[in-house]
file final.txt (compact mmCIF, C-alpha atoms)
# COMPACT_ATOMS: atom_id res chain seq x y z
CA MET A 1 -38.03 13.04 1.27
CA SER A 2 -36.64 10.34 3.49
CA TYR A 3 -38.78 7.29 4.26
CA LEU A 4 -36.91 6.62 7.52
CA THR A 5 -39.33 5.15 10.06
CA HIS A 6 -37.40 3.90 13.11
CA LEU A 7 -34.27 2.20 14.43
CA LYS A 8 -34.20 -1.52 15.10
CA CYS A 9 -31.88 -3.85 16.98
CA PRO A 10 -30.74 -6.75 14.77
CA LYS A 11 -30.17 -8.91 17.87
CA CYS A 12 -33.21 -8.54 20.10
CA GLY A 13 -35.62 -6.76 17.75
CA LYS A 14 -36.28 -3.79 20.04
CA THR A 15 -37.22 -0.60 18.17
CA TYR A 16 -36.37 3.05 18.86
CA ASP A 17 -37.61 6.46 17.77
CA ALA A 18 -35.29 7.60 14.98
CA ASP A 19 -35.79 11.26 15.87
CA LYS A 20 -34.33 10.86 19.35
CA VAL A 21 -30.58 10.77 20.00
CA THR A 22 -29.82 7.08 20.39
CA GLN A 23 -26.59 5.11 20.51
CA LEU A 24 -26.71 1.35 21.09
CA CYS A 25 -29.62 -0.91 21.95
CA LEU A 26 -30.10 -1.69 25.63
CA CYS A 27 -28.75 -5.17 24.82
CA GLY A 28 -25.49 -3.60 23.59
CA SER A 29 -26.04 -4.19 19.88
CA PRO A 30 -25.68 -1.59 17.14
CA LEU A 31 -28.96 -0.25 15.76
CA LEU A 32 -29.97 -0.25 12.10
CA ALA A 33 -32.07 2.40 10.36
CA GLN A 34 -35.35 1.12 8.93
CA TYR A 35 -37.39 2.57 6.07
CA ASP A 36 -40.87 2.31 4.61
CA LEU A 37 -39.50 0.61 1.52
CA GLU A 38 -42.90 0.06 -0.05
CA SER A 39 -43.61 3.80 -0.01
CA ALA A 40 -40.08 4.50 -1.22
CA ARG A 41 -40.61 2.08 -4.12
CA LYS A 42 -43.79 3.89 -5.14
CA ALA A 43 -42.19 7.32 -4.86
CA LEU A 44 -38.86 6.58 -6.54
CA LYS A 45 -38.36 5.01 -9.94
CA LYS A 46 -35.06 3.88 -11.41
CA SER A 47 -35.55 6.32 -14.25
CA ASP A 48 -35.69 9.22 -11.76
CA LEU A 49 -32.01 8.72 -10.96
CA ALA A 50 -30.94 9.82 -14.44
CA ASN A 51 -31.79 13.42 -13.62
CA ARG A 52 -30.27 13.50 -10.14
CA GLU A 53 -26.92 14.81 -8.97
CA PRO A 54 -24.02 12.32 -9.24
CA SER A 55 -23.58 11.95 -5.50
CA LEU A 56 -24.76 9.53 -2.84
CA TRP A 57 -27.64 11.90 -2.08
CA ARG A 58 -29.33 10.73 -5.27
CA TYR A 59 -30.79 7.97 -3.05
CA ARG A 60 -32.47 10.45 -0.67
CA GLU A 61 -35.59 8.32 -0.14
CA ILE A 62 -33.61 5.54 1.56
CA LEU A 63 -31.19 7.78 3.44
CA PRO A 64 -32.02 9.08 6.93
CA VAL A 65 -31.83 12.90 6.57
CA LYS A 66 -35.35 14.28 6.50
CA ASP A 67 -34.73 17.98 5.78
CA ASP A 68 -32.42 19.04 2.95
CA LYS A 69 -31.15 22.00 4.98
CA ASN A 70 -29.37 19.55 7.27
CA ILE A 71 -27.39 17.87 4.49
CA VAL A 72 -23.65 18.40 4.92
CA SER A 73 -22.02 17.54 1.61
CA LEU A 74 -18.81 17.91 -0.36
CA GLY A 75 -20.15 16.08 -3.42
CA GLU A 76 -19.31 12.59 -2.14
CA GLY A 77 -20.36 9.42 -3.95
CA MET A 78 -20.82 7.94 -7.43
CA THR A 79 -17.22 6.81 -7.64
CA PRO A 80 -16.23 4.99 -10.85
CA ILE A 81 -16.15 1.27 -11.49
CA ILE A 82 -13.08 0.59 -13.61
CA PRO A 83 -12.61 -2.59 -15.69
CA LEU A 84 -9.19 -4.09 -14.93
CA LYS A 85 -8.52 -5.37 -18.44
CA THR A 86 -4.80 -5.95 -18.03
CA ILE A 87 -4.21 -7.38 -14.58
CA GLY A 88 -7.53 -9.24 -14.43
CA PRO A 89 -6.77 -11.75 -17.20
CA LYS A 90 -3.22 -12.15 -15.85
CA LEU A 91 -4.78 -13.38 -12.61
CA GLY A 92 -7.28 -15.56 -14.47
CA LEU A 93 -10.12 -13.13 -13.79
CA ASN A 94 -11.69 -12.08 -17.08
CA ASN A 95 -14.30 -9.76 -15.55
CA LEU A 96 -12.47 -7.97 -12.74
CA TYR A 97 -13.53 -4.46 -11.74
CA LEU A 98 -12.26 -1.84 -9.30
CA LYS A 99 -14.64 0.51 -7.50
CA ASP A 100 -12.30 3.35 -6.68
CA GLU A 101 -13.16 5.31 -3.54
CA GLY A 102 -9.82 7.10 -3.71
CA ILE A 103 -11.29 10.03 -5.65
CA ILE A 104 -14.00 10.83 -3.10
CA PRO A 105 -13.68 13.90 -0.81
CA THR A 106 -11.07 13.29 1.94
CA GLY A 107 -9.58 10.59 -0.31
CA THR A 108 -11.34 7.60 1.28
CA PHE A 109 -14.73 5.92 1.50
CA LYS A 110 -14.98 7.26 5.08
CA ALA A 111 -16.43 10.45 3.57
CA ARG A 112 -19.64 8.53 2.87
CA GLY A 113 -20.22 7.62 6.50
CA ALA A 114 -19.16 11.06 7.67
CA ALA A 115 -21.46 12.88 5.26
CA VAL A 116 -24.56 10.98 6.33
CA GLY A 117 -23.57 10.55 9.98
CA VAL A 118 -22.75 14.24 10.46
CA SER A 119 -25.83 15.37 8.54
CA ARG A 120 -28.07 13.29 10.76
CA ALA A 121 -26.19 14.41 13.89
CA LYS A 122 -26.88 18.01 12.86
CA GLU A 123 -30.54 17.17 12.27
CA VAL A 124 -31.07 15.69 15.75
CA GLY A 125 -29.25 18.58 17.44
CA ILE A 126 -25.87 17.12 18.40
CA LYS A 127 -23.36 19.86 19.27
CA ALA A 128 -20.24 17.80 20.07
CA LEU A 129 -19.05 14.29 19.30
CA ALA A 130 -16.01 12.10 19.91
CA MET A 131 -14.59 9.07 18.15
CA PRO A 132 -11.57 6.74 18.04
CA THR A 133 -10.02 6.13 14.63
CA ASN A 134 -7.15 4.51 12.78
CA GLY A 135 -6.92 7.77 10.82
CA ASN A 136 -9.18 8.09 7.81
CA ALA A 137 -12.52 8.04 9.61
CA GLY A 138 -11.31 10.68 12.04
CA ALA A 139 -10.07 12.82 9.16
CA ALA A 140 -13.42 12.55 7.35
CA TRP A 141 -15.53 13.26 10.42
CA SER A 142 -13.27 16.20 11.33
CA ILE A 143 -13.81 17.73 7.90
CA TYR A 144 -17.57 17.23 7.82
CA THR A 145 -18.13 18.36 11.43
CA ALA A 146 -16.14 21.52 10.65
CA ARG A 147 -18.55 22.20 7.79
CA ALA A 148 -21.52 21.45 10.06
CA GLY A 149 -20.31 23.56 13.00
CA ILE A 150 -20.14 20.57 15.36
CA LYS A 151 -17.30 20.19 17.88
CA CYS A 152 -15.19 17.10 17.15
CA ILE A 153 -12.83 15.17 19.44
CA ILE A 154 -10.58 12.56 17.81
CA VAL A 155 -8.32 9.95 19.43
CA MET A 156 -6.04 7.89 17.19
CA PRO A 157 -2.96 5.64 17.58
CA GLU A 158 0.26 7.65 17.48
CA ASP A 159 1.53 5.61 14.51
CA ALA A 160 -1.51 6.51 12.40
CA PRO A 161 -0.57 8.04 9.02
CA GLU A 162 0.67 11.61 9.40
CA ILE A 163 -1.57 12.83 6.59
CA THR A 164 -4.72 11.85 8.48
CA ARG A 165 -3.40 13.54 11.61
CA ASN A 166 -2.92 16.73 9.62
CA GLU A 167 -6.45 16.56 8.23
CA CYS A 168 -7.87 16.42 11.75
CA ALA A 169 -5.62 19.19 13.01
CA ILE A 170 -6.18 21.65 10.17
CA THR A 171 -9.97 21.45 10.50
CA GLY A 172 -9.79 22.39 14.17
CA ALA A 173 -10.70 19.06 15.73
CA ASP A 174 -9.40 18.32 19.24
CA LEU A 175 -6.86 15.64 18.27
CA TYR A 176 -5.19 13.26 20.72
CA LEU A 177 -2.71 10.45 20.02
CA VAL A 178 -2.50 7.28 22.08
CA ASN A 179 0.42 4.92 22.49
CA GLY A 180 -1.64 1.87 21.51
CA LEU A 181 -4.25 0.49 19.12
CA ILE A 182 -7.67 1.75 18.07
CA SER A 183 -9.14 -0.39 20.86
CA ASP A 184 -7.15 1.71 23.36
CA ALA A 185 -8.35 4.89 21.67
CA GLY A 186 -11.88 3.57 22.03
CA LYS A 187 -11.51 3.19 25.79
CA ILE A 188 -10.33 6.80 26.07
CA VAL A 189 -13.29 8.00 24.04
CA GLY A 190 -15.62 5.90 26.17
CA ARG A 191 -14.38 7.60 29.32
CA ALA A 192 -14.77 11.05 27.74
CA VAL A 193 -18.31 10.28 26.62
CA ALA A 194 -19.29 9.06 30.08
CA LYS A 195 -17.69 12.01 31.85
CA HIS A 196 -18.76 14.86 29.58
CA SER A 197 -22.03 13.56 28.09
CA ILE A 198 -20.93 14.07 24.48
CA PHE A 199 -22.09 11.97 21.55
CA ASP A 200 -20.11 8.80 20.85
CA ALA A 201 -19.50 8.52 17.09
CA SER A 202 -17.44 5.33 17.36
CA THR A 203 -17.97 2.72 14.65
CA LEU A 204 -21.55 1.43 14.86
CA LYS A 205 -22.22 3.21 18.16
CA GLU A 206 -24.33 5.62 16.13
CA PRO A 207 -26.80 4.30 13.55
CA TYR A 208 -26.11 6.48 10.52
CA ARG A 209 -22.50 6.00 9.43
CA ILE A 210 -23.61 2.68 7.98
CA GLU A 211 -26.28 4.47 5.93
CA GLY A 212 -23.56 6.45 4.16
CA LYS A 213 -21.46 3.34 3.59
CA LYS A 214 -24.41 1.39 2.18
CA THR A 215 -24.48 3.75 -0.80
CA MET A 216 -21.49 1.83 -2.19
CA GLY A 217 -23.85 -1.11 -2.60
CA LEU A 218 -26.54 1.06 -4.14
CA GLU A 219 -24.07 2.48 -6.63
CA ILE A 220 -22.64 -0.90 -7.58
CA ALA A 221 -26.15 -2.15 -8.38
CA GLU A 222 -26.97 0.96 -10.40
CA GLN A 223 -23.62 1.00 -12.23
CA PHE A 224 -24.14 -2.61 -13.30
CA ASN A 225 -27.63 -1.71 -14.54
CA TRP A 226 -29.27 -3.50 -11.61
CA GLU A 227 -27.61 -6.83 -12.46
CA VAL A 228 -25.42 -7.42 -9.43
CA PRO A 229 -21.89 -8.90 -9.78
CA ASP A 230 -21.05 -12.40 -8.65
CA VAL A 231 -18.47 -11.46 -6.02
CA ILE A 232 -17.63 -8.30 -4.04
CA LEU A 233 -14.40 -8.18 -2.03
CA TYR A 234 -14.18 -5.67 0.78
CA PRO A 235 -11.30 -4.81 3.17
CA THR A 236 -12.74 -5.42 6.61
CA GLY A 237 -11.73 -3.71 9.84
CA GLY A 238 -14.74 -2.38 11.71
CA GLY A 239 -16.80 -3.91 8.92
CA VAL A 240 -19.28 -1.07 8.40
CA GLY A 241 -18.75 -1.12 4.63
CA ILE A 242 -19.55 -4.78 4.11
CA ILE A 243 -22.51 -4.56 6.50
CA GLY A 244 -23.74 -1.52 4.61
CA ILE A 245 -23.37 -3.08 1.17
CA TYR A 246 -25.34 -6.12 2.32
CA LYS A 247 -28.04 -3.89 3.86
CA ALA A 248 -28.28 -1.87 0.63
CA LEU A 249 -28.73 -4.95 -1.52
CA LYS A 250 -31.38 -6.38 0.80
CA GLU A 251 -33.27 -3.08 0.64
CA LEU A 252 -33.06 -3.07 -3.16
CA GLN A 253 -34.45 -6.59 -3.19
CA SER A 254 -37.35 -5.47 -1.00
CA MET A 255 -38.04 -2.62 -3.41
CA GLY A 256 -37.97 -5.01 -6.37
CA TRP A 257 -35.05 -3.20 -7.99
CA ILE A 258 -32.80 -6.26 -8.12
CA GLY A 259 -33.61 -9.95 -8.35
CA GLU A 260 -33.00 -12.80 -5.94
CA LYS A 261 -29.32 -13.10 -6.86
CA MET A 262 -26.98 -11.75 -4.18
CA PRO A 263 -23.22 -11.24 -4.70
CA ARG A 264 -20.99 -13.47 -2.60
CA LEU A 265 -19.46 -11.06 -0.10
CA VAL A 266 -15.82 -11.54 0.88
CA ALA A 267 -14.36 -10.03 4.05
CA VAL A 268 -10.67 -9.38 3.40
CA GLN A 269 -8.25 -9.00 6.31
CA ALA A 270 -4.50 -9.11 6.89
CA THR A 271 -2.76 -12.08 8.48
CA GLY A 272 -1.49 -9.74 11.21
CA CYS A 273 -5.08 -8.93 12.27
CA ALA A 274 -7.69 -11.43 11.12
CA PRO A 275 -10.36 -11.94 13.81
CA ILE A 276 -13.22 -12.15 11.28
CA VAL A 277 -11.34 -14.73 9.20
CA LYS A 278 -10.66 -16.88 12.27
CA ALA A 279 -14.31 -16.70 13.32
CA TRP A 280 -15.48 -17.61 9.80
CA GLU A 281 -13.07 -20.55 9.60
CA GLU A 282 -14.42 -21.78 12.93
CA LYS A 283 -18.03 -21.14 11.85
CA LYS A 284 -18.55 -18.80 14.80
CA GLU A 285 -21.16 -16.03 15.01
CA ALA A 286 -18.75 -13.50 16.53
CA SER A 287 -15.00 -12.96 16.69
CA VAL A 288 -12.47 -13.03 19.53
CA PHE A 289 -10.13 -10.12 20.29
CA TRP A 290 -6.96 -10.44 18.16
CA GLU A 291 -3.86 -10.01 20.28
CA ASN A 292 -0.81 -8.04 19.06
CA ALA A 293 -2.55 -6.83 15.92
CA LYS A 294 -0.21 -5.31 13.32
CA THR A 295 -0.33 -4.88 9.54
CA ILE A 296 0.76 -2.45 6.84
CA ALA A 297 -2.94 -2.07 6.02
CA PHE A 298 -3.49 0.22 8.97
CA GLY A 299 -7.17 0.88 8.25
CA ILE A 300 -8.11 -2.75 8.90
CA THR A 301 -6.13 -3.10 12.11
CA VAL A 302 -9.23 -3.66 14.25
CA PRO A 303 -8.70 -6.43 16.83
CA LYS A 304 -12.39 -6.75 17.71
CA ALA A 305 -15.23 -5.11 15.80
CA LEU A 306 -18.46 -4.19 17.57
CA GLY A 307 -20.43 -5.30 14.52
CA ASP A 308 -18.49 -8.50 13.89
CA PHE A 309 -21.66 -10.59 14.12
CA LEU A 310 -23.23 -8.48 11.35
CA VAL A 311 -20.14 -8.89 9.13
CA LEU A 312 -20.23 -12.65 9.60
CA GLN A 313 -23.98 -12.72 8.97
CA ALA A 314 -23.47 -10.89 5.66
CA VAL A 315 -20.76 -13.37 4.67
CA TYR A 316 -22.72 -16.46 5.70
CA GLU A 317 -26.02 -15.39 4.15
CA THR A 318 -24.45 -14.63 0.77
CA ASN A 319 -22.38 -17.84 0.69
CA GLY A 320 -19.30 -15.64 0.84
CA CYS A 321 -16.07 -16.14 2.72
CA ALA A 322 -13.39 -14.42 4.79
CA ILE A 323 -9.73 -14.50 3.78
CA ALA A 324 -6.47 -13.07 5.12
CA VAL A 325 -3.46 -11.96 3.06
CA ALA A 326 0.08 -11.22 4.21
CA ASP A 327 1.66 -7.77 4.17
CA ASP A 328 4.15 -8.75 1.45
CA GLU A 329 1.23 -9.89 -0.73
CA ILE A 330 -0.52 -6.57 -0.11
CA LEU A 331 2.52 -4.51 -1.09
CA LYS A 332 3.10 -6.61 -4.21
CA ALA A 333 -0.54 -6.22 -5.25
CA GLN A 334 -0.31 -2.46 -4.76
CA VAL A 335 2.70 -2.26 -7.09
CA ASP A 336 1.24 -4.68 -9.64
CA LEU A 337 -2.07 -2.82 -9.85
CA ALA A 338 -0.39 0.56 -10.27
CA ALA A 339 1.96 -0.72 -12.96
CA ALA A 340 -0.73 -2.59 -14.90
CA GLU A 341 -3.71 -0.25 -14.57
CA GLY A 342 -2.39 3.12 -13.39
CA ALA A 343 -4.37 2.83 -10.17
CA PHE A 344 -2.49 3.89 -7.03
CA VAL A 345 -4.64 2.29 -4.33
CA CYS A 346 -4.35 2.17 -0.56
CA PRO A 347 -2.96 -0.97 1.14
CA GLU A 348 -6.47 -2.01 2.15
CA GLY A 349 -7.62 -1.88 -1.47
CA ALA A 350 -4.52 -3.79 -2.57
CA ALA A 351 -5.41 -6.47 -0.03
CA CYS A 352 -8.61 -7.10 -2.00
CA LEU A 353 -6.66 -7.68 -5.21
CA ALA A 354 -4.33 -10.11 -3.42
CA ALA A 355 -7.36 -11.90 -1.98
CA ALA A 356 -9.09 -12.12 -5.37
CA SER A 357 -5.95 -13.68 -6.83
CA LYS A 358 -5.82 -16.26 -4.04
CA LEU A 359 -9.49 -17.15 -4.36
CA ARG A 360 -9.10 -17.59 -8.12
CA GLU A 361 -6.12 -19.92 -7.55
CA GLN A 362 -8.25 -21.92 -5.10
CA GLY A 363 -11.09 -22.13 -7.61
CA TRP A 364 -13.49 -20.31 -5.29
CA ILE A 365 -13.92 -17.61 -7.94
CA GLY A 366 -14.57 -18.72 -11.51
CA ALA A 367 -12.61 -17.30 -14.44
CA ASP A 368 -15.61 -15.59 -16.02
CA GLU A 369 -17.42 -14.45 -12.90
CA LYS A 370 -18.01 -10.73 -12.50
CA VAL A 371 -15.85 -9.63 -9.58
CA VAL A 372 -15.65 -6.21 -7.90
CA ILE A 373 -12.85 -5.22 -5.56
CA LEU A 374 -13.27 -2.15 -3.38
CA ASN A 375 -10.41 0.27 -3.13
CA THR A 376 -11.31 2.24 -0.04
CA GLY A 377 -8.83 5.10 -0.45
CA THR A 378 -6.12 6.77 -2.46
CA GLY A 379 -2.59 5.45 -2.17
CA LEU A 380 -1.44 9.06 -1.86
CA LYS A 381 -2.44 8.92 1.81
CA TYR A 382 0.10 6.14 2.41
CA PRO A 383 3.39 7.39 0.93
CA ASP A 384 5.45 5.23 3.27
CA THR A 385 4.19 2.03 1.63
CA VAL A 386 6.16 2.85 -1.53
CA GLN A 387 9.85 2.10 -1.19
CA VAL A 388 11.95 2.83 -4.29
CA GLU A 389 15.58 3.66 -4.99
CA LEU A 390 15.94 6.22 -7.76
CA PRO A 391 18.99 7.16 -9.85
CA VAL A 392 20.25 10.71 -9.49
CA LEU A 393 21.69 12.25 -12.65
CA LYS A 394 24.30 14.95 -13.01
CA PRO A 395 23.16 17.76 -15.33
CA GLU A 396 25.38 16.46 -18.15
CA GLU A 397 24.22 12.82 -17.84
CA ASP A 398 21.47 11.24 -19.98
CA VAL A 399 18.70 8.84 -19.15
CA LYS A 400 19.22 5.20 -20.12
CA ILE A 401 16.60 3.78 -22.47
call {"tool": "encode", "arguments": {"input": "final.txt", "output": "structure tokens"}}
result
Amino acid sequence: MSYLTHLKCPKCGKTYDADKVTQLCLCGSPLLAQYDLESARKALKKSDLANREPSLWRYREILPVKDDKNIVSLGEGMTPIIPLKTIGPKLGLNNLYLKDEGIIPTGTFKARGAAVGVSRAKEVGIKALAMPTNGNAGAAWSIYTARAGIKCIIVMPEDAPEITRNECAITGADLYLVNGLISDAGKIVGRAVAKHSIFDASTLKEPYRIEGKKTMGLEIAEQFNWEVPDVILYPTGGGVGIIGIYKALKELQSMGWIGEKMPRLVAVQATGCAPIVKAWEEKKEASVFWENAKTIAFGITVPKALGDFLVLQAVYETNGCAIAVADDEILKAQVDLAAAEGAFVCPEGAACLAAASKLREQGWIGADEKVVILNTGTGLKYPDTVQVELPVLKPEEDVKI
């Protein structure tokens, strides 16, 4: 069973009934799901997990879906943590690990948020929803809403990856392209929601996407046998993942499953769109809209995140940091990681490797610290990032060794 109790505003503290359809707090803040963690601790033991399915639903007690019949699943979760034994030492990082979300359904970590968000939407009776996206979230929500029988309306920038467009289209979502950024797509969705009274599934405008994303934090703790790593680097656009990981670890602390140690959380952005980094450098509590945002790491091209204050809180309270890397560093890291470890990661995941290298050079990360970088999707969804010139042989010609 789920030990979900209510929704709570992290800004003003106002609470809401979790069983009623709710979007934002009256103060405009995102809402966070709350649980009876003491009862969950008594009901669930670490040893119970050994006999559970290898998916994110193994943590049912601290997920929000109350009735199993409402679960919409494609087997998402429990992605591997891979030791990077070749490239890690080359970068001076002797304990570097990759949590690879590229093998999850839909090919990105967005499946986690979609699985839980759509399941809960089904449970509370939502029949239609709309959302803006840079591509992968829209693709994931399109696929899971199709499985749930919920109407889905997606608006994405016209230069979003073609593969994600196709995913939305083939599942029957109402897909629209906009000549602009995700912020422009968000305005279009906002008008549609106001005019047609449909559910707004924009990032953090519904409370349950974050509950799916937090399972990355739960898995990391479990996969390291409840001894958390020293540093976790996360590519940060809307920031739901890093907020979720922090929320998961705080909940595990409350349940007594992990100790007082908290990983230092690092928000990784691109120099072409780095509002969180700028806010962190200026010790601000929220970011400012980033003008003319552009980066090869399309998934983190978010000029202003609704939950920016929660991202910054997670960074500040774990003694973490925020760092930006350039597109050429991202592309180099993508190639280096593939060649050294056989891991074809997305640009956003490659950004984390580039950031880890920089932070090691600066001495912010120690050589023997346990470091986890999150790859949020498969590189196969970004074929245009790979630029190679290949020799073409005539049938009678041989390869050169």
call {"tool": "residues_near_point", "arguments": {"input": "final.txt", "point": "(-39.0, 11.6, 18.3)", "cutoff": "12 Å", "atoms": "all atoms listed in the file", "output": "PyMOL selection string"}}
result
chain A and resi 5-7+16-22+123-124
call {"tool": "closest_residue", "arguments": {"input": "final.txt", "among": "A:Thr215, A:Asn70, A:Thr271, A:Gln313", "to": "Glu101 (chain A)", "atoms": "all atoms listed in the file"}}
result
A:Thr215
call {"tool": "closest_residue", "arguments": {"input": "final.txt", "among": "A:Ala356, A:Val315, A:Leu4, A:Ala326", "to": "Asp67 (chain A)", "atoms": "all atoms listed in the file"}}
result
A:Leu4
call {"tool": "residues_near_point", "arguments": {"input": "final.txt", "point": "(-28.4, 2.2, -3.3)", "cutoff": "9 Å", "atoms": "only C-alpha atoms", "output": "PyMOL selection string"}}
result
chain A and resi 56+58-59+62+214-222+245+248-249+251-252
call {"tool": "residues_around", "arguments": {"input": "final.txt", "residues": "region 273-290 of chain A", "least_positions_apart": "3", "cutoff": "6 Å", "atoms": "all atoms listed in the file", "output": "ChimeraX atom specification"}}
result
/A:269-270,293,301,303-304,308-309,322-323
call {"tool": "closest_residue", "arguments": {"input": "final.txt", "among": "A:Leu98, A:Ala50, A:Val240, A:Leu26", "to": "Leu312 (chain A)", "atoms": "only C-alpha atoms"}}
result
A:Val240
call {"tool": "closest_residue", "arguments": {"input": "final.txt", "among": "A:Leu306, A:Ala314, A:Ala201, A:Ala43", "to": "Gly244 (chain A)", "atoms": "all atoms listed in the file"}}
result
A:Ala314
call {"tool": "residues_around", "arguments": {"input": "final.txt", "residues": "Thr106 (chain A)", "least_positions_apart": "6", "cutoff": "12 Å", "atoms": "only C-alpha atoms", "output": "PDB file with C-alpha atoms, in the frame of the given file"}}
result
ATOM      1  CA  SER A  73     -22.020  17.540   1.610  1.00  0.00           C
ATOM      2  CA  LEU A  74     -18.810  17.910  -0.360  1.00  0.00           C
ATOM      3  CA  GLY A  75     -20.150  16.080  -3.420  1.00  0.00           C
ATOM      4  CA  GLU A  76     -19.310  12.590  -2.140  1.00  0.00           C
ATOM      5  CA  GLY A  77     -20.360   9.420  -3.950  1.00  0.00           C
ATOM      6  CA  ARG A 112     -19.640   8.530   2.870  1.00  0.00           C
ATOM      7  CA  GLY A 113     -20.220   7.620   6.500  1.00  0.00           C
ATOM      8  CA  ALA A 114     -19.160  11.060   7.670  1.00  0.00           C
ATOM      9  CA  ALA A 115     -21.460  12.880   5.260  1.00  0.00           C
ATOM     10  CA  GLY A 135      -6.920   7.770  10.820  1.00  0.00           C
ATOM     11  CA  ASN A 136      -9.180   8.090   7.810  1.00  0.00           C
ATOM     12  CA  ALA A 137     -12.520   8.040   9.610  1.00  0.00           C
ATOM     13  CA  GLY A 138     -11.310  10.680  12.040  1.00  0.00           C
ATOM     14  CA  ALA A 139     -10.070  12.820   9.160  1.00  0.00           C
ATOM     15  CA  ALA A 140     -13.420  12.550   7.350  1.00  0.00           C
ATOM     16  CA  TRP A 141     -15.530  13.260  10.420  1.00  0.00           C
ATOM     17  CA  SER A 142     -13.270  16.200  11.330  1.00  0.00           C
ATOM     18  CA  ILE A 143     -13.810  17.730   7.900  1.00  0.00           C
ATOM     19  CA  TYR A 144     -17.570  17.230   7.820  1.00  0.00           C
ATOM     20  CA  ILE A 163      -1.570  12.830   6.590  1.00  0.00           C
ATOM     21  CA  THR A 164      -4.720  11.850   8.480  1.00  0.00           C
ATOM     22  CA  ASN A 166      -2.920  16.730   9.620  1.00  0.00           C
ATOM     23  CA  GLU A 167      -6.450  16.560   8.230  1.00  0.00           C
ATOM     24  CA  CYS A 168      -7.870  16.420  11.750  1.00  0.00           C
ATOM     25  CA  THR A 171      -9.970  21.450  10.500  1.00  0.00           C
ATOM     26  CA  THR A 376     -11.310   2.240  -0.040  1.00  0.00           C
ATOM     27  CA  GLY A 377      -8.830   5.100  -0.450  1.00  0.00           C
ATOM     28  CA  THR A 378      -6.120   6.770  -2.460  1.00  0.00           C
ATOM     29  CA  LEU A 380      -1.440   9.060  -1.860  1.00  0.00           C
ATOM     30  CA  LYS A 381      -2.440   8.920   1.810  1.00  0.00           C
TER      31      LYS A 381
END
call {"tool": "closest_residue", "arguments": {"input": "final.txt", "among": "A:Ser197, A:Thr236, A:Thr79, A:Thr145", "to": "Gly107 (chain A)", "atoms": "only C-alpha atoms"}}
result
A:Thr79
call {"tool": "closest_residue", "arguments": {"input": "final.txt", "among": "A:Val388, A:Val118, A:Cys9, A:Cys27", "to": "Arg209 (chain A)", "atoms": "only C-alpha atoms"}}
result
A:Val118
